[in-house]
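S.K.: What follows is work.txt, compact mmCIF, C-alpha atoms.
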# COMPACT_ATOMS: atom_id res chain seq x y z
CA MET J 739 85.74 141.19 -89.31
CA ASN J 740 82.00 140.94 -89.87
CA PRO J 741 80.22 142.84 -87.02
CA ALA J 742 77.66 140.03 -86.69
CA ARG J 743 80.55 137.71 -85.83
CA ILE J 744 81.81 139.82 -82.95
CA VAL J 745 81.46 138.03 -79.65
CA SER J 746 81.66 139.92 -76.43
CA VAL J 747 81.91 138.07 -73.17
CA GLY J 748 81.46 139.79 -69.82
CA LEU J 749 84.33 140.12 -67.42
CA THR J 750 82.52 137.99 -64.86
CA ALA J 751 84.08 134.86 -66.30
CA GLY J 752 86.48 136.35 -68.80
CA LEU J 753 88.02 134.09 -71.35
CA LEU J 754 89.79 131.79 -68.90
CA GLY J 755 88.04 128.54 -69.74
CA GLY J 756 85.00 129.19 -67.60
CA CYS J 757 86.91 130.45 -64.63
CA ALA J 758 85.81 133.45 -62.66
CA ALA J 759 88.76 134.49 -60.51
CA GLY J 760 90.45 131.17 -61.31
CA ARG J 761 87.54 128.81 -60.51
CA MET J 762 84.88 126.97 -62.47
CA LEU J 763 81.43 128.51 -62.69
CA ARG J 764 79.00 127.31 -60.03
CA ALA J 765 75.30 127.61 -59.38
CA GLY J 766 74.68 131.11 -58.01
CA ASP J 767 77.38 132.78 -60.12
CA PRO J 768 76.38 135.56 -62.53
CA ALA J 769 76.06 134.12 -66.03
CA PRO J 770 78.84 135.37 -68.32
CA GLN J 771 77.28 137.88 -70.71
CA PHE J 772 77.69 137.44 -74.46
CA ARG J 773 76.31 138.23 -77.91
CA LEU J 774 76.22 135.64 -80.70
CA PRO J 775 74.65 135.34 -84.16
CA GLN J 776 71.65 133.03 -84.30
CA THR J 777 69.94 130.98 -86.98
CA ASN J 778 67.23 133.57 -87.68
CA GLY J 779 69.84 136.13 -88.78
CA SER J 780 69.67 138.32 -85.70
CA THR J 781 72.10 138.64 -82.82
CA PHE J 782 71.28 137.05 -79.48
CA ALA J 783 72.34 138.94 -76.34
CA LEU J 784 71.99 137.13 -73.02
CA SER J 785 71.32 140.49 -71.32
CA GLU J 786 68.01 140.68 -73.20
CA ARG J 787 66.83 137.56 -71.34
CA ALA J 788 66.67 139.40 -68.00
CA GLY J 789 63.31 138.67 -66.39
CA HIS J 790 62.99 135.23 -68.00
CA TRP J 791 64.46 131.76 -67.49
CA THR J 792 66.99 130.61 -70.09
CA VAL J 793 68.40 127.21 -70.97
CA LEU J 794 71.80 127.45 -72.61
CA TYR J 795 72.95 124.06 -73.78
CA CYS J 796 76.39 123.63 -75.27
CA TYR J 797 76.93 120.77 -77.67
CA PRO J 798 79.81 119.52 -79.84
CA LYS J 799 78.63 119.34 -83.47
CA ASP J 800 75.54 119.69 -85.66
CA GLY J 801 74.35 116.44 -87.19
CA THR J 802 76.15 114.00 -84.91
CA PRO J 803 74.01 111.31 -83.25
CA GLY J 804 74.13 112.64 -79.67
CA CYS J 805 73.64 116.25 -80.74
CA THR J 806 70.71 115.32 -82.96
CA ARG J 807 69.12 113.30 -80.14
CA GLN J 808 69.52 116.23 -77.72
CA ALA J 809 68.19 118.86 -80.13
CA CYS J 810 65.16 116.73 -81.04
CA ALA J 811 64.48 116.03 -77.36
CA PHE J 812 64.44 119.79 -76.65
CA ARG J 813 62.24 120.34 -79.72
CA ASP J 814 59.76 117.75 -78.43
CA ALA J 815 59.74 119.24 -74.90
CA ILE J 816 59.64 122.91 -75.90
CA ALA J 817 55.96 123.53 -74.97
CA PRO J 818 56.25 122.61 -71.26
CA ILE J 819 59.57 124.47 -71.05
CA ARG J 820 58.06 127.62 -72.55
CA ALA J 821 55.05 127.25 -70.25
CA ARG J 822 57.49 128.00 -67.42
CA ASP J 823 58.60 131.30 -69.04
CA CYS J 824 61.80 129.68 -70.27
CA GLU J 825 63.46 129.59 -73.68
CA VAL J 826 66.06 127.15 -74.99
CA TYR J 827 69.22 128.12 -76.90
CA GLY J 828 71.67 125.60 -78.29
CA VAL J 829 75.25 126.78 -78.81
CA SER J 830 78.19 125.18 -80.58
CA THR J 831 81.18 126.26 -82.63
CA ASP J 832 79.40 125.41 -85.88
CA SER J 833 78.61 128.23 -88.32
CA VAL J 834 75.22 129.92 -88.63
CA GLU J 835 74.84 128.18 -92.00
CA SER J 836 75.46 124.75 -90.46
CA HIS J 837 73.00 125.56 -87.67
CA ALA J 838 70.38 126.66 -90.20
CA ARG J 839 70.68 123.37 -92.13
CA PHE J 840 70.57 121.32 -88.93
CA SER J 841 67.59 123.30 -87.65
CA ARG J 842 65.65 122.90 -90.92
CA GLU J 843 66.46 119.20 -91.23
CA HIS J 844 65.16 118.44 -87.73
CA GLU J 845 62.44 121.13 -87.60
CA LEU J 846 63.90 122.71 -84.48
CA THR J 847 61.63 125.25 -82.81
CA PHE J 848 64.28 127.11 -80.82
CA PRO J 849 67.35 129.14 -81.87
CA LEU J 850 70.87 127.83 -82.31
CA LEU J 851 73.75 130.21 -81.59
CA SER J 852 77.04 130.19 -83.46
CA ASP J 853 80.14 130.43 -81.24
CA GLU J 854 82.66 129.88 -84.04
CA ASP J 855 85.55 131.38 -82.05
CA GLY J 856 84.66 129.32 -78.96
CA ASN J 857 84.72 132.36 -76.68
CA VAL J 858 81.38 131.58 -75.05
CA ALA J 859 82.29 127.92 -74.54
CA ARG J 860 85.50 129.07 -72.83
CA ALA J 861 83.67 131.60 -70.66
CA TYR J 862 81.30 128.88 -69.47
CA GLY J 863 84.06 126.28 -69.10
CA ALA J 864 82.47 124.11 -71.78
CA ASP J 865 85.34 124.26 -74.26
CA GLY J 866 86.59 120.83 -75.21
CA LEU J 867 89.15 119.16 -77.38
CA LEU J 868 89.75 120.09 -81.02
CA GLY J 869 87.60 123.22 -80.78
CA PHE J 870 84.37 121.38 -79.96
CA SER J 871 82.17 122.33 -77.03
CA LYS J 872 81.48 119.94 -74.21
CA ARG J 873 77.88 118.78 -73.79
CA TRP J 874 76.97 120.93 -70.78
CA THR J 875 73.67 122.57 -69.89
CA PHE J 876 73.16 125.78 -67.92
CA LEU J 877 69.87 126.98 -66.45
CA ILE J 878 70.00 130.75 -66.06
CA ASP J 879 67.44 132.45 -63.84
CA PRO J 880 65.59 135.73 -64.54
CA SER J 881 68.28 137.72 -62.67
CA LEU J 882 70.86 136.22 -65.10
CA HIS J 883 72.51 134.01 -62.48
CA ILE J 884 73.34 130.40 -63.11
CA ARG J 885 70.90 128.28 -61.11
CA TRP J 886 71.92 124.82 -62.31
CA ILE J 887 74.75 123.29 -64.30
CA GLN J 888 74.66 119.82 -65.74
CA ARG J 889 78.09 118.60 -66.81
CA ASP J 890 77.22 114.94 -67.32
CA VAL J 891 74.45 115.27 -69.88
CA ASP J 892 72.40 112.42 -71.32
CA PRO J 893 71.20 113.93 -74.63
CA ALA J 894 67.81 112.19 -74.59
CA LEU J 895 67.04 113.01 -70.94
CA ASN J 896 68.36 116.58 -70.82
CA PRO J 897 64.99 118.36 -71.36
CA ARG J 898 63.29 116.27 -68.66
CA GLU J 899 66.07 117.17 -66.22
CA VAL J 900 65.70 120.85 -67.14
CA LEU J 901 61.96 120.63 -66.50
CA ASP J 902 62.62 119.03 -63.12
CA GLN J 903 64.82 122.02 -62.23
CA LEU J 904 62.16 124.50 -63.38
CA ARG J 905 59.47 122.94 -61.13
Would you give me this structure, written as C-alpha cells?

M.R.:
Amino acid sequence: MNPARIVSVGLTAGLLGGCAAGRMLRAGDPAPQFRLPQTNGSTFALSERAGHWTVLYCYPKDGTPGCTRQACAFRDAIAPIRARDCEVYGVSTDSVESHARFSREHELTFPLLSDEDGNVARAYGADGLLGFSKRWTFLIDPSLHIRWIQRDVDPALNPREVLDQLR
C-alpha cells in the first residue's frame, strides 16, 4: 500500500460509523484525528491544526451539482473565513486526481482531502450509501474539539452558516 494512502483515525471515534463509545459525535467531543492526502501532494494531519479553527466539510462526489455549488460557495467566502483564523478542508471518497481536476476546474482556493477508504467519513459518522459521504459540516475549534455539526446542509448557504458560528 502506498504510504501516502494510509489513513489513521484516532481512537476517540474509532471506525464505528462516527460513534464514540456507541454514540454519534456531538458538539464538545474531541474531533477524531486523521491523516489524509490532499490536492497539493502533501499529507494533511488534523493534529497540525491545533491552535486554529478548522472547517471540515464532507461531501458526496466531485463535479456533481450540489458539491460544485458548495465548493464554489466556500471558495467565494474564503477571505472572511480566513480572517477568523479558520481554514476550510473539503473531504470525500474521490481520489486525489479527481480532487485536483475538480479544484482546477472551479479555481478552488482551499485543499480537498481524499478519503478513498471512507475511514474518516465513518469516524465522523458521515458515511453514506454506496461509499459516498453524507453532506455534513464540522467546525473544529483550536483545541481540536467539535464546536458545531451541521447535518442538514444547504450547499449554497453552508459558508454563511459557518461564518455565523465563527462570530

S.K.: Cys805 (chain J): which residues within 10 Å, counting all atoms listed in the file, same-chain residues fewer than 5 positions away excluded, as a PDB file with C-alpha atoms, in the frame of the given file?

M.R.:
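The resulting file, selection_4.pdb, is reproduced below:
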ATOM      1  CA  CYS J 796      76.390 123.630 -75.270  1.00  0.00           C
ATOM      2  CA  TYR J 797      76.930 120.770 -77.670  1.00  0.00           C
ATOM      3  CA  PRO J 798      79.810 119.520 -79.840  1.00  0.00           C
ATOM      4  CA  LYS J 799      78.630 119.340 -83.470  1.00  0.00           C
ATOM      5  CA  ASP J 800      75.540 119.690 -85.660  1.00  0.00           C
ATOM      6  CA  CYS J 810      65.160 116.730 -81.040  1.00  0.00           C
ATOM      7  CA  ALA J 811      64.480 116.030 -77.360  1.00  0.00           C
ATOM      8  CA  GLY J 828      71.670 125.600 -78.290  1.00  0.00           C
ATOM      9  CA  ARG J 873      77.880 118.780 -73.790  1.00  0.00           C
ATOM     10  CA  PRO J 893      71.200 113.930 -74.630  1.00  0.00           C
ATOM     11  CA  ALA J 894      67.810 112.190 -74.590  1.00  0.00           C
TER      12      ALA J 894
END

S.K.: May I have the residues within 12 Å of Pro880 (chain J) as a PyMOL selection string, using all atoms listed in the file and disregarding those fewer than 3 positions away in the same chain?

M.R.: chain J and resi 768-769+784-793+822-825+877+883-885+904

S.K.: Considering all atoms listed in the file, return as a tab-separated table (two decimals) with C-alpha atoms, in the coordinates of the input whatever protein or nucleic-acid residues lie within 7 Å of region 836-846 of chain J, sequence-local ones (same chain, fewer than 2 positions apart) excluded.

M.R.:
chain	number	residue	atom	x	y	z
J	777	THR	CA	69.94	130.98	-86.98
J	800	ASP	CA	75.54	119.69	-85.66
J	801	GLY	CA	74.35	116.44	-87.19
J	810	CYS	CA	65.16	116.73	-81.04
J	813	ARG	CA	62.24	120.34	-79.72
J	832	ASP	CA	79.40	125.41	-85.88
J	833	SER	CA	78.61	128.23	-88.32
J	834	VAL	CA	75.22	129.92	-88.63
J	848	PHE	CA	64.28	127.11	-80.82
J	850	LEU	CA	70.87	127.83	-82.31

S.K.: With 4 Å of padding per side, what axis-aligned box (centre and edge lengths, Å, one decimal) covers all the listed atoms of region 834-842 of chain J? Give it as AutoDock Vina command-line options.

M.R.:
--center_x 70.6 --center_y 125.6 --center_z -89.9 --size_x 17.8 --size_y 16.6 --size_z 12.5

S.K.: Mind listing whatever residues come within 12 Å of the point (78.2, 114.1, -63.1)? Use only C-alpha atoms, file coordinates, and give them as an MDAnalysis selection string.

M.R.: chainID J and resid 873:875 887:892

S.K.: Which residue out of J:Gln776, J:Tyr862, J:Phe870, J:Val826 has the minimum interatomic distance to Leu901 (chain J) when all atoms listed in the file are used?

M.R.: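 The answer is J:Val826, which sits nearest to Leu901 (chain J).
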
S.K.: Let me make sure I understand: among J:Ala817, J:Ala765, J:Ala809, J:Leu851, which one has the smallest atom-to-atom distance to Gly779 (chain J) if we use all atoms listed in the file?

M.R.: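 Closest candidate: J:Leu851.
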
S.K.: Could you check how far CA of Gln903 (chain J) sits from CA of Phe782 (chain J), in Å to one decimal?

M.R.: 23.8 Å

S.K.: Could you write region 804-815 of chain J as a PDB file, in the frame of the given file, with all heavy atoms rebuilt where they are missing?

M.R.:
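The new file selection25.pdb reads:
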ATOM      1  N   GLY J 804      74.502 112.114 -80.982  1.00  0.00           N
ATOM      2  CA  GLY J 804      74.130 112.640 -79.670  1.00  0.00           C
ATOM      3  C   GLY J 804      73.546 114.041 -79.753  1.00  0.00           C
ATOM      4  O   GLY J 804      72.569 114.362 -79.067  1.00  0.00           O
ATOM      5  N   CYS J 805      74.123 114.869 -80.599  1.00  0.00           N
ATOM      6  CA  CYS J 805      73.640 116.250 -80.740  1.00  0.00           C
ATOM      7  C   CYS J 805      72.259 116.285 -81.374  1.00  0.00           C
ATOM      8  O   CYS J 805      71.410 117.089 -80.993  1.00  0.00           O
ATOM      9  CB  CYS J 805      74.643 117.073 -81.537  1.00  0.00           C
ATOM     10  SG  CYS J 805      76.246 117.199 -80.708  1.00  0.00           S
ATOM     11  N   THR J 806      72.033 115.412 -82.333  1.00  0.00           N
ATOM     12  CA  THR J 806      70.710 115.320 -82.960  1.00  0.00           C
ATOM     13  C   THR J 806      69.684 114.835 -81.947  1.00  0.00           C
ATOM     14  O   THR J 806      68.585 115.399 -81.840  1.00  0.00           O
ATOM     15  CB  THR J 806      70.763 114.384 -84.177  1.00  0.00           C
ATOM     16  OG1 THR J 806      71.704 114.920 -85.121  1.00  0.00           O
ATOM     17  CG2 THR J 806      69.392 114.251 -84.836  1.00  0.00           C
ATOM     18  N   ARG J 807      70.031 113.823 -81.168  1.00  0.00           N
ATOM     19  CA  ARG J 807      69.120 113.300 -80.140  1.00  0.00           C
ATOM     20  C   ARG J 807      68.760 114.390 -79.137  1.00  0.00           C
ATOM     21  O   ARG J 807      67.602 114.555 -78.758  1.00  0.00           O
ATOM     22  CB  ARG J 807      69.788 112.101 -79.454  1.00  0.00           C
ATOM     23  CG  ARG J 807      68.876 111.237 -78.661  1.00  0.00           C
ATOM     24  CD  ARG J 807      69.458 109.865 -78.281  1.00  0.00           C
ATOM     25  NE  ARG J 807      70.893 109.787 -78.070  1.00  0.00           N
ATOM     26  CZ  ARG J 807      71.780 109.295 -78.970  1.00  0.00           C
ATOM     27  NH1 ARG J 807      71.375 108.853 -80.139  1.00  0.00           N
ATOM     28  NH2 ARG J 807      73.066 109.262 -78.695  1.00  0.00           N
ATOM     29  N   GLN J 808      69.754 115.171 -78.694  1.00  0.00           N
ATOM     30  CA  GLN J 808      69.520 116.230 -77.720  1.00  0.00           C
ATOM     31  C   GLN J 808      68.645 117.339 -78.303  1.00  0.00           C
ATOM     32  O   GLN J 808      67.692 117.791 -77.671  1.00  0.00           O
ATOM     33  CB  GLN J 808      70.855 116.793 -77.228  1.00  0.00           C
ATOM     34  CG  GLN J 808      70.733 117.791 -76.115  1.00  0.00           C
ATOM     35  CD  GLN J 808      72.094 118.247 -75.613  1.00  0.00           C
ATOM     36  OE1 GLN J 808      73.104 118.159 -76.324  1.00  0.00           O
ATOM     37  NE2 GLN J 808      72.140 118.716 -74.383  1.00  0.00           N
ATOM     38  N   ALA J 809      68.965 117.788 -79.506  1.00  0.00           N
ATOM     39  CA  ALA J 809      68.190 118.860 -80.130  1.00  0.00           C
ATOM     40  C   ALA J 809      66.743 118.440 -80.352  1.00  0.00           C
ATOM     41  O   ALA J 809      65.813 119.207 -80.062  1.00  0.00           O
ATOM     42  CB  ALA J 809      68.837 119.268 -81.456  1.00  0.00           C
ATOM     43  N   CYS J 810      66.533 117.218 -80.824  1.00  0.00           N
ATOM     44  CA  CYS J 810      65.160 116.730 -81.040  1.00  0.00           C
ATOM     45  C   CYS J 810      64.422 116.551 -79.725  1.00  0.00           C
ATOM     46  O   CYS J 810      63.211 116.800 -79.659  1.00  0.00           O
ATOM     47  CB  CYS J 810      65.191 115.447 -81.864  1.00  0.00           C
ATOM     48  SG  CYS J 810      65.725 115.725 -83.578  1.00  0.00           S
ATOM     49  N   ALA J 811      65.117 116.154 -78.679  1.00  0.00           N
ATOM     50  CA  ALA J 811      64.480 116.030 -77.360  1.00  0.00           C
ATOM     51  C   ALA J 811      64.028 117.400 -76.860  1.00  0.00           C
ATOM     52  O   ALA J 811      62.914 117.532 -76.323  1.00  0.00           O
ATOM     53  CB  ALA J 811      65.433 115.369 -76.373  1.00  0.00           C
ATOM     54  N   PHE J 812      64.860 118.437 -77.044  1.00  0.00           N
ATOM     55  CA  PHE J 812      64.440 119.790 -76.650  1.00  0.00           C
ATOM     56  C   PHE J 812      63.275 120.256 -77.526  1.00  0.00           C
ATOM     57  O   PHE J 812      62.330 120.869 -77.027  1.00  0.00           O
ATOM     58  CB  PHE J 812      65.606 120.778 -76.707  1.00  0.00           C
ATOM     59  CG  PHE J 812      66.383 120.861 -75.425  1.00  0.00           C
ATOM     60  CD1 PHE J 812      67.711 120.469 -75.378  1.00  0.00           C
ATOM     61  CD2 PHE J 812      65.794 121.330 -74.262  1.00  0.00           C
ATOM     62  CE1 PHE J 812      68.439 120.535 -74.195  1.00  0.00           C
ATOM     63  CE2 PHE J 812      66.508 121.407 -73.069  1.00  0.00           C
ATOM     64  CZ  PHE J 812      67.829 121.007 -73.045  1.00  0.00           C
ATOM     65  N   ARG J 813      63.342 119.976 -78.824  1.00  0.00           N
ATOM     66  CA  ARG J 813      62.240 120.340 -79.720  1.00  0.00           C
ATOM     67  C   ARG J 813      60.927 119.725 -79.212  1.00  0.00           C
ATOM     68  O   ARG J 813      59.903 120.398 -79.128  1.00  0.00           O
ATOM     69  CB  ARG J 813      62.541 119.843 -81.131  1.00  0.00           C
ATOM     70  CG  ARG J 813      61.410 120.090 -82.139  1.00  0.00           C
ATOM     71  CD  ARG J 813      61.514 119.180 -83.344  1.00  0.00           C
ATOM     72  NE  ARG J 813      61.381 117.783 -82.933  1.00  0.00           N
ATOM     73  CZ  ARG J 813      61.900 116.755 -83.601  1.00  0.00           C
ATOM     74  NH1 ARG J 813      62.594 116.951 -84.707  1.00  0.00           N
ATOM     75  NH2 ARG J 813      61.722 115.524 -83.154  1.00  0.00           N
ATOM     76  N   ASP J 814      60.972 118.453 -78.851  1.00  0.00           N
ATOM     77  CA  ASP J 814      59.760 117.750 -78.430  1.00  0.00           C
ATOM     78  C   ASP J 814      59.259 118.207 -77.059  1.00  0.00           C
ATOM     79  O   ASP J 814      58.077 118.030 -76.749  1.00  0.00           O
ATOM     80  CB  ASP J 814      60.021 116.244 -78.420  1.00  0.00           C
ATOM     81  CG  ASP J 814      60.297 115.694 -79.822  1.00  0.00           C
ATOM     82  OD1 ASP J 814      60.027 116.401 -80.822  1.00  0.00           O
ATOM     83  OD2 ASP J 814      60.807 114.559 -79.897  1.00  0.00           O
ATOM     84  N   ALA J 815      60.126 118.795 -76.254  1.00  0.00           N
ATOM     85  CA  ALA J 815      59.740 119.240 -74.900  1.00  0.00           C
ATOM     86  C   ALA J 815      59.587 120.758 -74.812  1.00  0.00           C
ATOM     87  O   ALA J 815      59.417 121.292 -73.715  1.00  0.00           O
ATOM     88  CB  ALA J 815      60.805 118.783 -73.898  1.00  0.00           C
TER      89      ALA J 815
END
